[in-house]
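Chemist: Below you will find the structure I want to go over with you.
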Amino acid sequence: MRAVVTTNFQAKVPLVVTNSPATAPATLPSPTDGLRDIAPPLAIPSGYEWLWWTLGTLVLVAAMVFLAWWLKRRREQQLLVPPMPAHIRARQKLAEALALIAQPKPFCIAVSDAVRAYLEERFTFRAPERTTEEFLYELQATTLLSPDQKASLGEFLTNCDLVKFAKYEPGEPELRDLHSSAVRLVSETEPRPELVVSGDPGARGPRPAAVAHSP
């Protein structure tokens, strides 16, 4: 390190100048050193926490009890509504099928499905799950239908299959005949109301024929 000595003639004080970097003055400690941040406020228990927990539990239990009561009442109301009889439902479906009479295949599908569903519900036949051949074979062993009804039903299902699978397109008169056959089968096999013989409300049997009185 090279030093240069100069003289201050006014103060007569020698000055020493060096080319070494100046030493930074010592940093004074900050007045905030050693201080911590303000702590967050502490939650002071009010003593009513148990009350809020109790109220919440009671509200939850009341909601569950109400839901159970509502579901039970809804099931009871559904049970009070009698189901629609099979023959009434079949007539409705057959009436709706008439809107498709200009389209032979959709019409025959709707009519045959209505009859098959009716027979399954009315007589527990597994009609919708079987082909026409399988169903007609099973039909021969039942005594729930008369021989004429079996023959009429077999002819009806065979004619419907001709339209559905053989691409046969009958005219409207033939389609209406199919529809009439279906309606007639439902009418012939629907449950008959029980009649009460006059004079004995507890006895049931056929209603006696009316007798004409001469004047």
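All residue names refer to the structure tokens as shown: chains lettered A, B, ... in order, residues numbered from 1 in each chain, ligands numbered from 1 in order.
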Given only C-alpha atoms, how would the per-residue table for stretch 103-190 of chain A near stretch 61-85 of chain A read, listing every residue at most 10 Å away with its closest atom pair and distance in Å to one decimal, sorted by chain and number, as a tab-separated table?
Modeler:
```
residue	atom	partner	partner_atom	distance
A:Tyr118	CA	A:Pro85	CA	9.6
A:Glu121	CA	A:Pro85	CA	9.1
A:Arg122	CA	A:Pro85	CA	8.8
A:Glu190	CA	A:Pro85	CA	9.2
```
Chemist: Give me the residues near A:Ala166 as a ChimeraX atom specification, where near means some atom within 12 Å (using only C-alpha atoms) and where sequence neighbours in that chain fewer than 5 positions away do not count.
Modeler: /A:104-105,158-161
Chemist: Write out the residues from the selection above, keeping N, CA, C and O atoms, as a PDB file, in the first residue's frame.
Modeler:
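Saved file part-v1.pdb follows:
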```
ATOM      1  N   PRO A 104     -98.310 -48.907 -40.464  1.00  0.00           N
ATOM      2  CA  PRO A 104     -98.640 -50.291 -40.101  1.00  0.00           C
ATOM      3  C   PRO A 104     -97.702 -50.919 -39.074  1.00  0.00           C
ATOM      4  O   PRO A 104     -98.160 -51.524 -38.097  1.00  0.00           O
ATOM      5  N   LYS A 105     -96.398 -50.790 -39.276  1.00  0.00           N
ATOM      6  CA  LYS A 105     -95.471 -51.466 -38.360  1.00  0.00           C
ATOM      7  C   LYS A 105     -95.527 -50.875 -36.953  1.00  0.00           C
ATOM      8  O   LYS A 105     -95.699 -51.641 -35.980  1.00  0.00           O
ATOM      9  N   THR A 158     -99.994 -63.728 -34.899  1.00  0.00           N
ATOM     10  CA  THR A 158     -99.355 -64.106 -36.160  1.00  0.00           C
ATOM     11  C   THR A 158     -99.476 -62.992 -37.183  1.00  0.00           C
ATOM     12  O   THR A 158     -98.510 -62.658 -37.900  1.00  0.00           O
ATOM     13  N   ASN A 159    -100.648 -62.368 -37.276  1.00  0.00           N
ATOM     14  CA  ASN A 159    -100.827 -61.258 -38.220  1.00  0.00           C
ATOM     15  C   ASN A 159     -99.959 -60.053 -37.837  1.00  0.00           C
ATOM     16  O   ASN A 159     -99.435 -59.351 -38.717  1.00  0.00           O
ATOM     17  N   CYS A 160     -99.806 -59.818 -36.553  1.00  0.00           N
ATOM     18  CA  CYS A 160     -98.932 -58.712 -36.125  1.00  0.00           C
ATOM     19  C   CYS A 160     -97.479 -58.997 -36.498  1.00  0.00           C
ATOM     20  O   CYS A 160     -96.750 -58.090 -36.928  1.00  0.00           O
ATOM     21  N   ASP A 161     -97.060 -60.260 -36.364  1.00  0.00           N
ATOM     22  CA  ASP A 161     -95.684 -60.604 -36.719  1.00  0.00           C
ATOM     23  C   ASP A 161     -95.435 -60.455 -38.213  1.00  0.00           C
ATOM     24  O   ASP A 161     -94.315 -60.110 -38.629  1.00  0.00           O
TER      25      ASP A 161
END
```
Chemist: Taking only C-alpha atoms into account, produce a table as CSV in which each residue of stretch 88-123 of chain A with an atom at most 12 Å from an atom of stretch 167-171 of chain A appears once, together with its shortest atom pair and the distance in Å to one decimal, ordered by chain and rising number.
Modeler:
```
residue,atom,partner,partner_atom,distance
A:Ile101,CA,A:Gly171,CA,9.3
A:Ala102,CA,A:Gly171,CA,8.8
A:Gln103,CA,A:Glu169,CA,8.8
A:Pro104,CA,A:Glu169,CA,6.1
A:Lys105,CA,A:Glu169,CA,7.6
A:Pro106,CA,A:Glu169,CA,11.1
A:Phe107,CA,A:Glu169,CA,10.9
A:Cys108,CA,A:Glu169,CA,10.3
```
Chemist: Selection from above, N, CA, C and O atoms, as an mmCIF file, in the first residue's frame, can you write it?
Modeler:
```cif
data_model
loop_
_atom_site.group_PDB
_atom_site.id
_atom_site.type_symbol
_atom_site.label_atom_id
_atom_site.label_comp_id
_atom_site.auth_asym_id
_atom_site.auth_seq_id
_atom_site.Cartn_x
_atom_site.Cartn_y
_atom_site.Cartn_z
ATOM 1 N N ILE A 101 -102.239 -45.594 -36.788
ATOM 2 C CA ILE A 101 -102.834 -46.519 -37.756
ATOM 3 C C ILE A 101 -102.355 -46.249 -39.179
ATOM 4 O O ILE A 101 -102.401 -47.137 -40.042
ATOM 5 N N ALA A 102 -101.885 -45.056 -39.468
ATOM 6 C CA ALA A 102 -101.341 -44.761 -40.796
ATOM 7 C C ALA A 102 -99.954 -45.354 -40.989
ATOM 8 O O ALA A 102 -99.425 -45.335 -42.102
ATOM 9 N N GLN A 103 -99.352 -45.886 -39.923
ATOM 10 C CA GLN A 103 -98.031 -46.511 -39.990
ATOM 11 C C GLN A 103 -98.172 -47.967 -39.543
ATOM 12 O O GLN A 103 -98.195 -48.245 -38.343
ATOM 13 N N PRO A 104 -98.310 -48.907 -40.464
ATOM 14 C CA PRO A 104 -98.640 -50.291 -40.101
ATOM 15 C C PRO A 104 -97.702 -50.919 -39.074
ATOM 16 O O PRO A 104 -98.160 -51.524 -38.097
ATOM 17 N N LYS A 105 -96.398 -50.790 -39.276
ATOM 18 C CA LYS A 105 -95.471 -51.466 -38.360
ATOM 19 C C LYS A 105 -95.527 -50.875 -36.953
ATOM 20 O O LYS A 105 -95.699 -51.641 -35.980
ATOM 21 N N PRO A 106 -95.378 -49.559 -36.758
ATOM 22 C CA PRO A 106 -95.502 -49.030 -35.385
ATOM 23 C C PRO A 106 -96.863 -49.320 -34.770
ATOM 24 O O PRO A 106 -96.964 -49.569 -33.558
ATOM 25 N N PHE A 107 -97.911 -49.327 -35.576
ATOM 26 C CA PHE A 107 -99.245 -49.620 -35.054
ATOM 27 C C PHE A 107 -99.332 -51.045 -34.532
ATOM 28 O O PHE A 107 -99.817 -51.293 -33.417
ATOM 29 N N CYS A 108 -98.832 -52.008 -35.312
ATOM 30 C CA CYS A 108 -98.900 -53.409 -34.893
ATOM 31 C C CYS A 108 -98.010 -53.667 -33.681
ATOM 32 O O CYS A 108 -98.351 -54.481 -32.806
#
```
Chemist: Between A:Leu162, A:Glu188, A:Thr142, A:Pro193, which is the closest to A:Phe123 once you count only C-alpha atoms?
Modeler: A:Thr142
